[in-house]
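The next block is my_file00.cif, given as mmCIF, C-alpha atoms and all ligand atoms.
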```
data_work
#
loop_
_atom_site.label_atom_id
_atom_site.label_comp_id
_atom_site.auth_asym_id
_atom_site.auth_seq_id
_atom_site.Cartn_x
_atom_site.Cartn_y
_atom_site.Cartn_z
CA MET A 18 19.46 -62.49 2.41
CA ARG A 19 18.32 -64.38 -0.67
CA ASN A 20 18.67 -63.50 -4.32
CA ILE A 21 15.71 -64.85 -6.23
CA LEU A 22 15.41 -65.11 -10.00
CA ILE A 23 11.78 -65.14 -11.15
CA THR A 24 11.33 -65.85 -14.87
CA GLY A 25 8.25 -64.63 -16.74
CA GLY A 26 7.47 -62.09 -14.01
CA ALA A 27 5.87 -59.63 -16.44
CA GLY A 28 3.16 -62.14 -17.37
CA PHE A 29 -0.12 -62.91 -15.67
CA ILE A 30 0.83 -65.25 -12.81
CA GLY A 31 4.46 -64.10 -12.65
CA SER A 32 3.47 -60.51 -11.89
CA HIS A 33 1.42 -61.64 -8.88
CA VAL A 34 4.31 -63.80 -7.67
CA VAL A 35 6.80 -60.93 -8.06
CA ARG A 36 4.49 -58.59 -6.11
CA LEU A 37 4.00 -61.08 -3.29
CA PHE A 38 7.74 -61.81 -2.95
CA CYS A 39 8.83 -58.16 -3.15
CA LYS A 40 6.29 -57.10 -0.52
CA ASN A 41 6.49 -60.09 1.85
CA TYR A 42 10.27 -60.47 1.77
CA PRO A 43 11.94 -57.05 1.81
CA ASP A 44 15.25 -58.79 2.66
CA TYR A 45 15.25 -60.65 -0.66
CA GLN A 46 16.51 -59.19 -3.90
CA VAL A 47 14.00 -60.17 -6.60
CA TYR A 48 15.21 -60.32 -10.22
CA ASN A 49 12.45 -60.54 -12.82
CA LEU A 50 13.84 -61.98 -16.07
CA ASP A 51 11.36 -61.58 -18.91
CA LYS A 52 11.67 -61.42 -22.69
CA LEU A 53 8.54 -59.26 -22.92
CA THR A 54 6.84 -61.34 -25.58
CA TYR A 55 3.31 -60.34 -26.62
CA ALA A 56 2.21 -61.71 -23.19
CA GLY A 57 4.72 -59.78 -21.08
CA ASN A 58 3.55 -56.40 -19.82
CA LEU A 59 5.53 -54.20 -17.44
CA GLU A 60 2.34 -52.26 -16.67
CA ASN A 61 1.40 -55.28 -14.54
CA LEU A 62 4.23 -54.33 -12.18
CA LYS A 63 4.05 -50.52 -12.19
CA ASP A 64 3.19 -50.40 -8.48
CA VAL A 65 5.99 -52.81 -7.54
CA ALA A 66 8.61 -50.98 -9.63
CA SER A 67 7.82 -47.71 -7.89
CA ALA A 68 7.35 -48.99 -4.32
CA CYS A 69 9.84 -51.85 -3.88
CA PRO A 70 13.59 -51.13 -3.88
CA ASN A 71 14.29 -54.89 -3.86
CA TYR A 72 12.66 -55.32 -7.31
CA HIS A 73 14.90 -55.49 -10.40
CA PHE A 74 13.85 -56.05 -13.99
CA ILE A 75 16.11 -57.79 -16.51
CA LYS A 76 15.00 -58.02 -20.13
CA GLY A 77 16.19 -61.31 -21.60
CA ASP A 78 15.39 -64.68 -23.08
CA ILE A 79 15.61 -67.87 -21.02
CA CYS A 80 17.00 -69.56 -24.14
CA ASP A 81 20.12 -67.34 -24.00
CA ILE A 82 22.37 -69.41 -21.76
CA ASP A 83 25.28 -66.95 -21.79
CA HIS A 84 22.99 -64.25 -20.46
CA LEU A 85 21.68 -66.67 -17.83
CA ARG A 86 25.22 -67.53 -16.73
CA ARG A 87 25.98 -63.83 -16.24
CA ILE A 88 22.77 -63.28 -14.29
CA PHE A 89 23.54 -66.15 -11.89
CA ALA A 90 27.10 -64.97 -11.32
CA ASP A 91 26.46 -61.20 -11.17
CA HIS A 92 23.53 -61.46 -8.76
CA ARG A 93 24.59 -64.61 -6.90
CA ILE A 94 21.23 -66.23 -7.49
CA ASP A 95 20.32 -68.84 -4.90
CA GLY A 96 16.67 -69.42 -5.72
CA VAL A 97 14.79 -69.73 -9.03
CA ILE A 98 11.04 -69.60 -9.58
CA HIS A 99 10.52 -70.48 -13.22
CA LEU A 100 7.28 -69.27 -14.83
CA ALA A 101 8.44 -68.02 -18.25
CA ALA A 102 6.62 -69.96 -20.96
CA GLU A 103 4.47 -69.83 -24.01
CA SER A 104 1.15 -70.49 -22.30
CA HIS A 105 -1.80 -70.49 -24.72
CA VAL A 106 -3.12 -73.79 -26.09
CA ASP A 107 -4.61 -72.23 -29.26
CA ARG A 108 -1.27 -70.69 -30.18
CA SER A 109 0.49 -74.01 -29.60
CA ILE A 110 -1.84 -75.59 -32.15
CA LYS A 111 -0.77 -72.97 -34.71
CA ASP A 112 2.95 -72.85 -33.85
CA PRO A 113 4.24 -75.82 -31.83
CA PHE A 114 7.90 -74.96 -32.47
CA ALA A 115 7.71 -71.76 -30.40
CA PHE A 116 6.49 -73.89 -27.49
CA ALA A 117 9.33 -76.41 -27.82
CA GLN A 118 11.81 -73.56 -28.03
CA THR A 119 10.83 -71.63 -24.91
CA ASN A 120 9.17 -74.26 -22.74
CA VAL A 121 11.59 -77.11 -23.38
CA LEU A 122 14.90 -75.64 -24.57
CA GLY A 123 14.54 -72.51 -22.42
CA THR A 124 13.92 -74.63 -19.33
CA ILE A 125 16.97 -76.78 -20.09
CA ALA A 126 19.11 -73.64 -20.46
CA LEU A 127 17.90 -72.37 -17.09
CA LEU A 128 18.52 -75.73 -15.40
CA GLN A 129 22.01 -75.90 -16.88
CA ALA A 130 22.91 -72.34 -15.83
CA ALA A 131 21.69 -73.04 -12.27
CA ARG A 132 23.60 -76.30 -12.13
CA GLU A 133 26.84 -74.77 -13.42
CA TYR A 134 26.70 -71.82 -11.04
CA TRP A 135 25.64 -73.70 -7.93
CA SER A 136 28.25 -76.39 -8.44
CA SER A 137 31.02 -73.80 -8.97
CA GLU A 138 33.17 -72.48 -6.13
CA ALA A 139 31.55 -69.04 -6.36
CA GLY A 140 28.09 -70.61 -6.25
CA GLY A 141 28.87 -72.41 -3.02
CA GLY A 142 27.25 -75.82 -3.64
CA MET A 143 23.68 -77.07 -3.88
CA ALA A 144 22.86 -76.83 -0.16
CA GLY A 145 20.29 -74.13 0.59
CA LYS A 146 19.48 -73.60 -3.10
CA ARG A 147 16.16 -74.17 -4.81
CA PHE A 148 15.00 -74.51 -8.43
CA TYR A 149 11.21 -74.27 -8.46
CA HIS A 150 9.47 -75.09 -11.75
CA ILE A 151 5.88 -73.91 -12.25
CA SER A 152 3.83 -76.32 -14.30
CA THR A 153 0.25 -77.06 -15.16
CA ASP A 154 -2.38 -79.75 -14.57
CA GLU A 155 -2.68 -80.06 -18.37
CA VAL A 156 0.34 -82.44 -18.41
CA TYR A 157 -1.94 -85.13 -16.96
CA GLY A 158 -4.20 -85.06 -20.02
CA SER A 159 -7.99 -85.15 -20.05
CA LEU A 160 -10.32 -86.72 -17.46
CA HIS A 161 -13.38 -88.57 -18.67
CA ASP A 162 -14.83 -90.38 -15.64
CA PRO A 163 -16.77 -88.11 -13.27
CA GLY A 164 -15.40 -88.06 -9.73
CA THR A 165 -11.79 -88.76 -10.81
CA PHE A 166 -9.03 -86.26 -10.08
CA PHE A 167 -5.41 -85.62 -11.02
CA VAL A 168 -3.08 -86.55 -8.15
CA GLU A 169 0.70 -86.15 -8.06
CA THR A 170 1.20 -89.77 -9.19
CA THR A 171 -1.21 -89.61 -12.15
CA ALA A 172 0.67 -90.70 -15.29
CA TYR A 173 1.50 -87.90 -17.71
CA ASP A 174 -0.66 -87.96 -20.84
CA PRO A 175 -0.42 -84.54 -22.51
CA GLN A 176 -2.80 -83.95 -25.41
CA SER A 177 -1.89 -80.52 -26.87
CA PRO A 178 1.44 -79.16 -28.10
CA TYR A 179 1.33 -76.76 -25.12
CA SER A 180 0.86 -79.51 -22.53
CA ALA A 181 3.38 -81.75 -24.32
CA SER A 182 5.98 -78.98 -24.05
CA LYS A 183 5.21 -78.43 -20.35
CA ALA A 184 5.33 -82.20 -19.69
CA SER A 185 8.70 -82.36 -21.41
CA SER A 186 10.04 -79.48 -19.31
CA ASP A 187 8.81 -81.21 -16.12
CA HIS A 188 10.71 -84.35 -17.11
CA PHE A 189 13.92 -82.35 -17.68
CA VAL A 190 13.55 -80.67 -14.28
CA ARG A 191 13.20 -84.07 -12.56
CA ALA A 192 16.11 -85.43 -14.64
CA PHE A 193 18.37 -82.60 -13.42
CA GLY A 194 17.32 -83.35 -9.85
CA ASN A 195 18.00 -87.05 -10.26
CA THR A 196 21.17 -86.86 -12.34
CA TYR A 197 22.97 -83.81 -10.98
CA GLY A 198 21.44 -83.45 -7.53
CA LEU A 199 19.86 -80.10 -8.41
CA PRO A 200 17.46 -79.19 -5.56
CA ILE A 201 14.27 -79.05 -7.57
CA VAL A 202 10.59 -78.81 -6.73
CA ILE A 203 7.62 -78.76 -9.14
CA SER A 204 3.99 -77.71 -8.82
CA ASN A 205 1.14 -78.39 -11.24
CA CYS A 206 -1.72 -75.94 -10.96
CA SER A 207 -5.22 -75.77 -12.39
CA ASN A 208 -6.57 -72.89 -14.53
CA ASN A 209 -5.93 -69.47 -12.97
CA TYR A 210 -8.17 -66.42 -13.15
CA GLY A 211 -7.81 -62.87 -11.85
CA PRO A 212 -6.43 -59.43 -12.78
CA ASN A 213 -3.78 -58.98 -15.48
CA GLN A 214 -4.48 -62.10 -17.54
CA PHE A 215 -3.81 -61.65 -21.23
CA PRO A 216 -7.14 -61.28 -23.06
CA GLU A 217 -6.74 -64.26 -25.37
CA LYS A 218 -7.70 -66.55 -22.47
CA LEU A 219 -11.36 -67.32 -21.79
CA ILE A 220 -12.17 -65.09 -18.80
CA PRO A 221 -10.58 -61.73 -19.75
CA LEU A 222 -11.54 -62.17 -23.42
CA PHE A 223 -15.18 -62.72 -22.53
CA ILE A 224 -15.36 -59.89 -19.98
CA ASN A 225 -13.97 -57.48 -22.57
CA ASN A 226 -16.35 -58.76 -25.25
CA ILE A 227 -19.36 -58.40 -22.93
CA ARG A 228 -18.32 -54.82 -22.24
CA HIS A 229 -18.16 -54.08 -25.96
CA GLY A 230 -21.26 -56.10 -26.93
CA LYS A 231 -19.14 -58.46 -29.05
CA PRO A 232 -19.83 -62.20 -29.63
CA LEU A 233 -18.61 -64.70 -27.02
CA PRO A 234 -17.05 -67.58 -29.00
CA VAL A 235 -17.85 -70.79 -27.09
CA TYR A 236 -15.82 -73.73 -28.40
CA GLY A 237 -17.90 -76.80 -29.24
CA THR A 238 -20.88 -77.35 -26.95
CA GLY A 239 -19.41 -75.45 -23.99
CA GLU A 240 -19.49 -78.60 -21.85
CA ASN A 241 -15.73 -78.89 -21.25
CA VAL A 242 -14.85 -78.58 -17.58
CA ARG A 243 -12.05 -76.53 -16.04
CA ASP A 244 -11.00 -76.19 -12.39
CA TRP A 245 -10.49 -72.48 -11.55
CA LEU A 246 -8.20 -70.94 -8.93
CA TYR A 247 -7.77 -67.25 -8.08
CA VAL A 248 -4.28 -66.17 -9.18
CA VAL A 249 -3.30 -64.68 -5.80
CA ASP A 250 -4.06 -68.04 -4.18
CA HIS A 251 -1.70 -69.65 -6.70
CA ALA A 252 0.97 -67.07 -5.77
CA ARG A 253 0.42 -67.89 -2.06
CA ALA A 254 0.84 -71.59 -2.84
CA ILE A 255 4.08 -70.82 -4.72
CA ASP A 256 5.35 -68.90 -1.68
CA THR A 257 4.51 -71.87 0.57
CA ILE A 258 6.12 -74.47 -1.69
CA PHE A 259 9.20 -72.36 -2.42
CA HIS A 260 9.91 -71.99 1.30
CA ARG A 261 8.62 -75.24 2.77
CA GLY A 262 8.20 -77.80 -0.02
CA ARG A 263 10.49 -80.82 0.08
CA ASP A 264 13.30 -81.24 -2.47
CA GLY A 265 12.39 -83.47 -5.41
CA GLU A 266 8.66 -83.36 -4.65
CA THR A 267 5.68 -82.46 -6.79
CA TYR A 268 2.66 -80.59 -5.41
CA ASN A 269 -0.69 -80.24 -7.15
CA ILE A 270 -2.42 -76.87 -6.65
CA GLY A 271 -6.16 -76.40 -7.08
CA GLY A 272 -9.26 -75.25 -5.27
CA PHE A 273 -11.73 -78.09 -5.98
CA ASN A 274 -13.67 -75.63 -8.11
CA GLU A 275 -14.91 -77.23 -11.34
CA TRP A 276 -17.08 -75.41 -13.85
CA ARG A 277 -18.49 -76.35 -17.22
CA ASN A 278 -17.44 -73.53 -19.56
CA ILE A 279 -21.01 -72.63 -20.44
CA ASP A 280 -22.04 -72.34 -16.77
CA LEU A 281 -19.04 -70.17 -16.01
CA ILE A 282 -19.85 -67.98 -19.02
CA LYS A 283 -23.42 -67.49 -17.76
CA VAL A 284 -22.09 -66.41 -14.34
CA MET A 285 -19.73 -63.96 -16.08
CA ILE A 286 -22.55 -62.51 -18.18
CA ARG A 287 -24.87 -62.12 -15.19
CA THR A 288 -22.20 -60.50 -13.03
CA ALA A 289 -20.83 -58.21 -15.74
CA ASP A 290 -24.32 -57.05 -16.74
CA ARG A 291 -25.10 -56.23 -13.10
CA LEU A 292 -21.83 -54.31 -12.63
CA LEU A 293 -22.34 -52.46 -15.93
CA GLY A 294 -25.89 -51.48 -14.92
CA ASN A 295 -27.44 -53.50 -17.77
CA PRO A 296 -30.82 -55.22 -17.30
CA GLU A 297 -30.67 -58.96 -16.51
CA GLY A 298 -30.29 -61.04 -19.68
CA HIS A 299 -28.93 -58.07 -21.66
CA SER A 300 -25.83 -59.92 -22.94
CA ASP A 301 -27.21 -63.48 -23.14
CA GLY A 302 -27.53 -63.23 -26.92
CA LEU A 303 -23.76 -62.72 -27.30
CA ILE A 304 -23.14 -66.43 -26.70
CA THR A 305 -21.99 -67.84 -30.04
CA TYR A 306 -21.11 -71.50 -30.47
CA VAL A 307 -18.08 -71.86 -32.76
CA GLN A 308 -15.99 -74.73 -34.08
CA ASP A 309 -14.37 -76.72 -31.30
CA ARG A 310 -10.65 -76.45 -30.49
CA ALA A 311 -8.70 -79.33 -32.09
CA GLY A 312 -8.08 -82.06 -29.50
CA HIS A 313 -9.98 -80.05 -26.85
CA ASP A 314 -9.40 -81.66 -23.43
CA LYS A 315 -12.72 -82.62 -21.87
CA ARG A 316 -12.12 -82.08 -18.18
CA TYR A 317 -9.38 -81.05 -15.73
CA ALA A 318 -9.76 -81.50 -11.97
CA ILE A 319 -6.97 -81.24 -9.42
CA ASP A 320 -6.72 -82.99 -6.08
CA SER A 321 -4.56 -80.71 -3.90
CA THR A 322 -4.87 -82.76 -0.70
CA LYS A 323 -1.09 -83.30 -0.46
CA LEU A 324 -0.37 -79.56 -0.45
CA HIS A 325 -3.09 -78.98 2.13
CA GLU A 326 -2.09 -81.81 4.45
CA GLU A 327 1.69 -81.41 4.18
CA LEU A 328 2.06 -77.64 4.01
CA GLY A 329 -1.30 -76.33 5.23
CA TRP A 330 -2.14 -74.31 2.10
CA GLU A 331 -5.74 -73.67 1.15
CA PRO A 332 -7.43 -71.13 -1.13
CA SER A 333 -8.44 -67.89 0.57
CA LEU A 334 -11.22 -66.84 -1.83
CA GLN A 335 -14.53 -68.46 -2.66
CA PHE A 336 -15.15 -68.53 -6.41
CA GLU A 337 -18.21 -66.22 -6.32
CA GLU A 338 -16.15 -63.56 -4.57
CA GLY A 339 -13.11 -64.10 -6.81
CA ILE A 340 -14.98 -63.90 -10.09
CA GLU A 341 -16.82 -60.72 -9.07
CA LYS A 342 -13.55 -59.14 -7.96
CA THR A 343 -11.97 -60.16 -11.27
CA ILE A 344 -14.78 -58.81 -13.45
CA ARG A 345 -14.75 -55.56 -11.49
CA TRP A 346 -10.98 -55.27 -12.01
CA TYR A 347 -11.24 -55.60 -15.81
CA LEU A 348 -14.14 -53.15 -15.97
CA ASP A 349 -12.28 -50.65 -13.77
CA ASN A 350 -9.02 -51.05 -15.72
CA GLN A 351 -10.26 -50.51 -19.25
CA GLU A 352 -7.09 -48.60 -20.11
CA TRP A 353 -4.95 -51.67 -19.30
CA MET A 354 -7.16 -53.70 -21.63
CA ASP A 355 -7.24 -51.04 -24.39
CA ASN A 356 -3.44 -50.76 -24.38
CA ILE A 357 -3.29 -54.46 -25.22
CA THR A 358 -6.22 -54.82 -27.59
CA SER A 359 -5.53 -51.74 -29.71
CA GLY A 360 -2.82 -51.20 -32.30
CA ALA A 361 -0.51 -54.01 -33.36
CA TYR A 362 -2.24 -56.62 -31.26
CA GLU A 363 -5.63 -55.93 -32.82
CA LYS A 364 -4.20 -56.81 -36.23
CA TYR A 365 -2.48 -59.91 -34.90
CA TYR A 366 -5.64 -61.05 -33.14
CA ALA A 367 -7.72 -60.63 -36.29
CA GLU A 368 -5.22 -62.73 -38.24
CA MET A 369 -5.12 -65.39 -35.55
CA TYR A 370 -8.77 -65.69 -34.64
CA GLY A 371 -10.75 -63.73 -37.24
CA ASN A 372 -12.78 -60.62 -36.41
CA ARG A 373 -14.74 -61.67 -33.40
P1 LIG B 401 1.71 -65.63 -19.55
O1 LIG B 401 1.68 -66.05 -20.98
O2 LIG B 401 0.74 -64.63 -19.05
O3 LIG B 401 3.17 -65.06 -19.20
C1 LIG B 401 4.34 -65.66 -19.65
C2 LIG B 401 5.51 -64.69 -19.42
O4 LIG B 401 6.72 -65.34 -19.84
C3 LIG B 401 5.40 -63.39 -20.22
O5 LIG B 401 5.72 -62.29 -19.40
C4 LIG B 401 6.42 -63.56 -21.33
O6 LIG B 401 6.97 -62.34 -21.79
C5 LIG B 401 7.48 -64.43 -20.64
N1 LIG B 401 8.28 -65.21 -21.59
C6 LIG B 401 7.81 -65.98 -22.62
N2 LIG B 401 8.84 -66.53 -23.29
C7 LIG B 401 9.97 -66.11 -22.65
C8 LIG B 401 11.36 -66.36 -22.86
N3 LIG B 401 11.78 -67.13 -23.87
N4 LIG B 401 12.25 -65.81 -22.00
C9 LIG B 401 11.83 -65.02 -20.98
N5 LIG B 401 10.54 -64.73 -20.76
C10 LIG B 401 9.63 -65.28 -21.58
O7 LIG B 401 1.63 -66.99 -18.72
P2 LIG B 401 0.92 -67.30 -17.32
O8 LIG B 401 -0.48 -67.64 -17.57
O9 LIG B 401 1.27 -66.23 -16.35
O10 LIG B 401 1.68 -68.65 -16.92
C11 LIG B 401 2.91 -68.61 -16.22
C12 LIG B 401 3.38 -70.03 -15.96
O11 LIG B 401 2.41 -70.74 -15.21
C13 LIG B 401 3.60 -70.84 -17.24
O12 LIG B 401 4.75 -71.64 -17.06
C14 LIG B 401 2.36 -71.69 -17.35
O13 LIG B 401 2.62 -72.90 -18.03
C15 LIG B 401 2.04 -71.93 -15.88
N6 LIG B 401 0.61 -72.16 -15.57
C16 LIG B 401 -0.35 -71.30 -16.02
C17 LIG B 401 -1.69 -71.50 -15.69
C18 LIG B 401 -2.78 -70.55 -16.12
O14 LIG B 401 -3.96 -70.82 -15.89
N7 LIG B 401 -2.47 -69.41 -16.73
C19 LIG B 401 -2.03 -72.59 -14.88
C20 LIG B 401 -1.02 -73.45 -14.43
C21 LIG B 401 0.30 -73.22 -14.78
P1 LIG B 402 -8.25 -71.13 -21.90
O1 LIG B 402 -8.49 -69.91 -21.08
O2 LIG B 402 -7.61 -71.01 -23.23
O3 LIG B 402 -7.43 -72.15 -20.96
P2 LIG B 402 -7.05 -73.73 -21.21
O4 LIG B 402 -7.31 -74.09 -22.61
O5 LIG B 402 -5.58 -73.73 -20.89
O6 LIG B 402 -7.87 -74.49 -20.23
O7 LIG B 402 -9.64 -71.88 -22.11
C1 LIG B 402 -10.46 -72.28 -21.02
C2 LIG B 402 -11.62 -73.08 -21.59
O8 LIG B 402 -12.45 -72.20 -22.38
C3 LIG B 402 -11.18 -74.19 -22.55
O9 LIG B 402 -12.06 -75.30 -22.38
C4 LIG B 402 -11.38 -73.59 -23.93
C5 LIG B 402 -12.55 -72.64 -23.74
N1 LIG B 402 -12.55 -71.43 -24.60
C6 LIG B 402 -13.69 -71.10 -25.34
O10 LIG B 402 -14.73 -71.80 -25.32
N2 LIG B 402 -13.66 -69.97 -26.12
C7 LIG B 402 -12.56 -69.16 -26.19
O11 LIG B 402 -12.57 -68.15 -26.94
C8 LIG B 402 -11.41 -69.51 -25.40
C9 LIG B 402 -10.16 -68.64 -25.43
C10 LIG B 402 -11.46 -70.65 -24.61
#
```
Could you spell out this file's structure in structure tokens?
Ligand code: NAD
Ligand code: TYD
Amino acid sequence: MRNILITGGAGFIGSHVVRLFCKNYPDYQVYNLDKLTYAGNLENLKDVASACPNYHFIKGDICDIDHLRRIFADHRIDGVIHLAAESHVDRSIKDPFAFAQTNVLGTIALLQAAREYWSSEAGGGMAGKRFYHISTDEVYGSLHDPGTFFVETTAYDPQSPYSASKASSDHFVRAFGNTYGLPIVISNCSNNYGPNQFPEKLIPLFINNIRHGKPLPVYGTGENVRDWLYVVDHARAIDTIFHRGRDGETYNIGGFNEWRNIDLIKVMIRTADRLLGNPEGHSDGLITYVQDRAGHDKRYAIDSTKLHEELGWEPSLQFEEGIEKTIRWYLDNQEWMDNITSGAYEKYYAEMYGNR
């Protein structure tokens, strides 16, 4: 029996990880600790909450160390999968402090609570425990030379307040492994796409705008490159690394699937128009070039050879299949989208990004 604490489980990736763990490991007790910020949504886990008796939700902030101490002791936590974070680059440009607070200080609080409990008599020592930190490829910075990739030994070179905060949290995780013998493991993944992503990120925002005939704000020239992975494949990689990754190691996760933003946007338009029954080219005119993001990273590309060769993981979905499945999901789940984009969030979004 294992008692797993998953942080940020009500968010995009976290909800897929919680679902996978609850369903695949009925012997585990899965505790989802989430503050329910604007990005946390318990609707993402409705099916799990009703079908899985081993699922437990705890509302709380990873910065609240007293609460964390109680959670570790009360539920005898022996594994942590840490996803809770502020995750949107544009927000980090507007409010870097929130990113330092949750991503850096919150991670330190979680590390400290794990360390205290596992090194106590009740916690039973570090053997058999695992602290798994979920990070991003953005810590490596921006690639400029074609044909180069981020590998696990690439030097950190974060360029945005978001990636700087994630890089800092990665360093603290390694420091706790090195200094206190905490059994840590880290993975750095490329951009995820799939159901339940908050519609401030490129893919869900654009699908929703195509549906409503609203402009598609392309930053700069649209030539920036991102490497996209289907979210369930990321959750499968997390499962693999949590159970079989080696202590102290880092694993890069990605599907060798690079797209220039503008090419990806054209695929989204073509697919969404087809699924909506619109004639070809119907939504092409929605593309609107807007001012570039400050410090916009040019290209990310992950080399996940280590994960493949050491642990046998590989993506299960081809991109064409994954993107169609994703667009279909957002079109079929308009209520999920409307619940987010209406009301208070609409006002917030208008203040943050203008009326687009
Ligand atoms: P998200 O923004 O969709 O979800 C974040 C979740 O964390 C939300 O449920 C939110 O309520 C919760 N949270 C935020 N602050 C909290 C706090 N102080 N205490 C407790 N809970 C809090 O993010 P996501 O896209 O699912 O990303 C999850 C993790 O994966 C992050 O650590 C992110 O850096 C990393 N990551 C994301 C991507 C991606 O493409 N989205 C890629 C690689 C890595
Ligand atoms: P995003 O989904 O914010 O992820 P990240 O910045 O973490 O990679 O953005 C993906 C790419 O799309 C990035 O190059 C910025 C670009 N982008 C736009 O062109 N317009 C938009 O409205 C958004 C949200 C992103």
- Query: Neighbours of ligand LIG 401 (chain B) within 7 Å, counting all atoms listed in the file, as a PyMOL selection string?
  - Reply: chain A and resi 24-31+50-58+77-80+100-105+119+123+151-154+183+205-210+214-215
- Show which residues sit within 12 Å of A:His92, as JSON, numbers by chain. Count only C-alpha atoms, and ignore same-chain residues fewer than 2 positions away. {"A": [18, 19, 20, 21, 22, 45, 46, 47, 48, 49, 73, 75, 85, 86, 87, 88, 89, 90, 94, 95, 96, 134, 139, 140]}
- atom CA of A:Val121 to atom CA of A:Trp135, straight-line distance in Å: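 Pair atom CA of A:Trp135 / atom CA of A:Val121 returns 21.2 Å.
For the pair atom CA of A:Asn274 and atom CA of A:Asp244, the interatomic distance is 5.1 Å.
Here atom CA of A:Arg316 is placed at a distance of 8.0 Å from atom O9 of ligand LIG 402 (chain B).
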- Throw together the list of residues within 6 Å of ligand LIG 402 (chain B), counting all atoms listed in the file, and drop it here as a list of chain:residue names.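 For ligand LIG 402 (chain B), the residues inside 6 Å are A:Val106, A:Glu217, A:Lys218, A:Leu219, A:Pro234, A:Val235, A:Tyr236, A:Asn241, A:Asn278.
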- Query: From the set A:Tyr42, A:Lys315, A:Trp330, A:Ala117, which residue has the shortest atom-to-atom contact distance to A:Ser185, counting all atoms listed in the file?
  - Reply: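 Nearest candidate to A:Ser185 out of A:Tyr42, A:Lys315, A:Trp330, A:Ala117: A:Ala117.
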- Exercise: A:Ser180 partners within 8 Å, only C-alpha atoms, chain neighbours under 3 positions left out, as an MDAnalysis selection string: chainID A and resid 106 153 155:156 158 175:177 183:184
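Nearest to A:Ile340 of all the residues A:Arg93, A:Lys40, A:Arg147, A:Arg287 is A:Arg287, counting all atoms listed in the file.
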- Query: Which of these residues is nearest to A:Leu199, using all atoms listed in the file: A:Arg253, A:Arg228, A:Arg243, A:Arg132?
  - Reply: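 The closest residue to A:Leu199 is A:Arg132.
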- Item | Non-local contacts of A:Arg291 (12 Å; all atoms listed in the file; under 6 positions in same chain excluded) as an MDAnalysis selection string | chainID A and resid 227:228 284:285 297:300 341 344:345 348
- Query: Using all atoms listed in the file, can you list as a VMD selection string the residues within 9 Å of (-4.5, -69.1, -2.0)?
  - Reply: chain A and resid 246 to 254 272 330 to 334
- Task: Go through A:Ile201, A:Val168, A:Pro212, A:Glu327 and flag the residue nearest A:Leu62, using all atoms listed in the file for the distances.
- Result: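 When distances to A:Leu62 are compared using all atoms listed in the file, the smallest one comes from A:Pro212.
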- Residues near A:Thr196, cut-off 12 Å, all atoms listed in the file, skip fewer than 6 positions along chain, as a list in words: Leu128, Gln129, Arg132, His188, Phe189, Val190 and Gly265 of chain A
- Query: Out of A:Leu222, A:Ile357, A:Ala318, A:Ile23, which residue has the shortest atom-to-atom distance to A:His161 when counting all atoms listed in the file?
  - Reply: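 Using all atoms listed in the file, A:His161 sits closest to A:Ala318.
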